[in-house]
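Right, one structure below, let's go through it.
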Amino acid sequence: MLIRLPSGYHFRRRVPSHIRDVIGKNELWLSLGTSKRETAKPYACAVYAQTERLFRSVSHIKTELNENEAFINDELPEDTRELFHLLIEDYHNQISLLKQQYEHQKLRHSIESLQSLEQLEKTQNVAERGVQLLKKTFSKLQKQEPTDKSLNALRNQINEMQAFLKPPQAKPSPLFSQASETFLETKTNVKQSVIDGYRATFKRFLEVCGNKPLRDYTGEDAGLFKSLMEQLPETYGKQRNDTRTIQEFVAVANKKNLPRVSGKSVKNHFTRLSGLFKYFLLRDLVDKNIFTGGWQFDTKAKTKRVRWSDNDLKTIAGQTWQFGTVSNKTANMIVGIASYTGMRLEEICRLRPQDIKEIQGVPCIIVQDHPALKNQPWTEWSAKTEAGSRVVPICTTLQKAGLLDLAQRATNQGRHYIFHDLQFSGKDKKRSAHFQRDFSKFKTHLGIGKSVVFHSFRHNVSTKLRNIHEHGEGGLRESWIDDFLGHEGNNKSVGNTVYFDDVDVINLLKVAESVSYPIFWNVENLFLKKLKQEN
């Protein structure tokens, strides 16, 4: 109903579909002429009331007529048509009247504010003159040897008037360096990588704007920070031990004309700083949040992610896997699982033997939350969304490739994870970090572009499944595909959201077996082993 645009607040309301033929519009828009929410809200409520009155009147008359849209447009009696026109005209008149009332109200408020300001200045002038006279009187009394009581009374009066004239002082604002540490202490139960991200942002802000009390920062500081951050090279932050300042990074990027960071990255920095200022704004230690209020960022993805084409798949299939951190066998299986199930990389890398179960006679992968192992809090993990927790039947191809045997071997050897050669690493303590890095190098070395990444296998599976017609033999329902992939789904009908909680495993197996690839895509032997160098 209340929409905030750069030009200010607007009222918006959809016209009910059954009366659009009469109103002649799909929705009603009205500029409220203000950027202040406290002014826009009551104005919008008044407009809503008039709009509701119009909708009810038209609906009532149309119900009484009980005719279809063609009749309304072509055969409506003249007196009834005139009645509709009058209702709509009256609505527009009422809206115009409301607009005038609110314009008058804003004008009256401005006049009252001006009168109050004038009265305050007048009062201050009188008070200042009064203080001067009182001080003069006090000096005269001191020479005439008055009583202490009369002197004290006069002194108190002078102090009271001087206190009135003294402007109210704001609470002292902490230095940015102190404020940032106080703010970070409130960030409990968050990943260390989140804290590191805040610290990196705060460090760069201090480099650009200096260490000042929070109240002393202005929109000019925020604009300068934004301008410099947008000039950072695309490779910024990739080298953990790089000690260059933001100004040095920008100087190099300008000199070599390097590609710049994305608008999304800059927006992330603003979001962190906005969180800090909001925290202290609620405590009256800053006057406003300088990182909100219309800053614009180009958040369009620089590289559009696309699925693997058959040519790209043929390029990597049969190539030698040259990375010792992850074995050839593990690389085969991880890529194989992704290409046939569309599972996310971290979901695959964290698979445990107990995540492989037989349901209704069908071997399945259970994507579920993992409690932390004793003294290893980083092993705790949860699915990405509620839909992320799901059952993924294992297709025949993956069974033949040895996935079930791999899980059984891990059980027999007492291993906690199926892929034993993966290790937790990186800021977020992910098991997928080393493999993701190695796979990126692998496909880049073979000439596969930036738009195709490991996550693109998920695009492949989704595309293949959604190209299968829903009806007829072999048809797949949209809700089955969403459940298989762990998507929230677009169908929000009551039947799907309330009564369709669990898709039958047999239907999910039908989805799993529908994913197919050309004959060259052999999961059992996707990548060749690296040959040992002879001495």
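Letters A, B, ... mark the chains of the structure tokens in the order given; residue numbers begin at 1 per chain; ligand numbers begin at 1, in order shown.
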
Excluding stretch 310-325 of chain A and any residue of its chain fewer than 4 positions from it, enumerate the residues within 12 Å of it, using only C-alpha atoms, and give them as a VMD selection string.
chain A and resid 306 329 to 332 335 to 336 339 420 to 423 425 431 to 449 451 to 454 456 to 457 460 516 to 532

Can you tell me which residues surround A:Lys255 at a distance of at most 12 Å, considering only C-alpha atoms, apart from same-chain residues fewer than 5 positions away, and format the answer as an MDAnalysis selection string?
chainID A and resid 231:233 248:250

What does the structure give for the distance between atom CA of A:Ala401 and atom CA of A:Met333, in Å to one decimal?
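Separation between atom CA of A:Ala401 and atom CA of A:Met333: 7.8 Å.
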
Which polymer residues have any atom within 12 Å of an atom of A:Phe280, counting only C-alpha atoms, with same-chain residues fewer than 4 positions away left out, as a count of residues only?
25

Can you tell me, as a PyMOL selection string, what residues are no more than 9 Å from A:Gln354 when counting only C-alpha atoms, ignoring any on the same chain fewer than 4 positions away?
chain A and resi 366+407+411+416

Write out the residues from the selection above, keeping N, CA and C atoms, as an mmCIF file, in the first residue's frame.
data_model
loop_
_atom_site.group_PDB
_atom_site.id
_atom_site.type_symbol
_atom_site.label_atom_id
_atom_site.label_comp_id
_atom_site.auth_asym_id
_atom_site.auth_seq_id
_atom_site.Cartn_x
_atom_site.Cartn_y
_atom_site.Cartn_z
ATOM 1 N N ILE A 366 20.021 -38.636 2.416
ATOM 2 C CA ILE A 366 19.217 -37.782 3.288
ATOM 3 C C ILE A 366 20.015 -36.509 3.554
ATOM 4 N N ALA A 407 30.005 -45.637 0.653
ATOM 5 C CA ALA A 407 29.384 -45.375 1.960
ATOM 6 C C ALA A 407 29.579 -46.557 2.901
ATOM 7 N N THR A 411 31.641 -46.839 6.540
ATOM 8 C CA THR A 411 31.034 -47.418 7.752
ATOM 9 C C THR A 411 31.950 -48.477 8.345
ATOM 10 N N HIS A 416 33.872 -40.851 9.832
ATOM 11 C CA HIS A 416 32.687 -40.014 10.054
ATOM 12 C C HIS A 416 32.116 -39.500 8.733
#

Give me, as JSON, numbers by chain, the residues of stretch 344-490 of chain A that a backbone DSSP run labels strand (DSSP E).
{"A": [356, 357, 358, 359, 362, 363, 364, 365, 366, 367, 390, 391, 392, 393]}

Can you list, as a ChimeraX atom specification, all residues belonging to stretch 286-492 of chain A that DSSP tags as helix (DSSP H, G or I)?
/A:310-316,328-341,345-349,353-355,377-379,396-400,403-412,433-445,456-466,478-485

Proximity to A:Arg352 - best of A:Phe291, A:Tyr102, A:Phe205, A:Phe419, only C-alpha atoms:
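Smallest separation from A:Arg352 among the options: A:Phe419.
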
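Between atom CA of A:Val15 and atom CA of A:Glu27 there is a distance of 4.9 Å.
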
Which neighbours of A:Gly294 fall inside 12 Å, counting only C-alpha atoms, when residues of the same chain fewer than 5 positions from it are skipped, and could you give them as a PyMOL selection string?
chain A and resi 4-8+35+219+223+267+270+289

Please identify all polymer residues within 8 Å of A:Pro363, counting only C-alpha atoms, omitting same-chain residues fewer than 5 positions from it, and present them as a list in words.
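Returned residues: Ile356, Lys357, Glu358, Pro393 and Ile394 of chain A.
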
For atom CA of A:Val515 and atom CA of A:Lys400, quote the distance in Å rounded to one decimal.
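Going from atom CA of A:Val515 over to atom CA of A:Lys400 covers 14.9 Å.
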
Point out the residue among A:Leu485, A:Leu2, A:Leu403, A:Leu476 with the least atom-to-atom distance to A:Ser389, counting only C-alpha atoms.
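Using only C-alpha atoms, the shortest distance to A:Ser389 belongs to A:Leu485.
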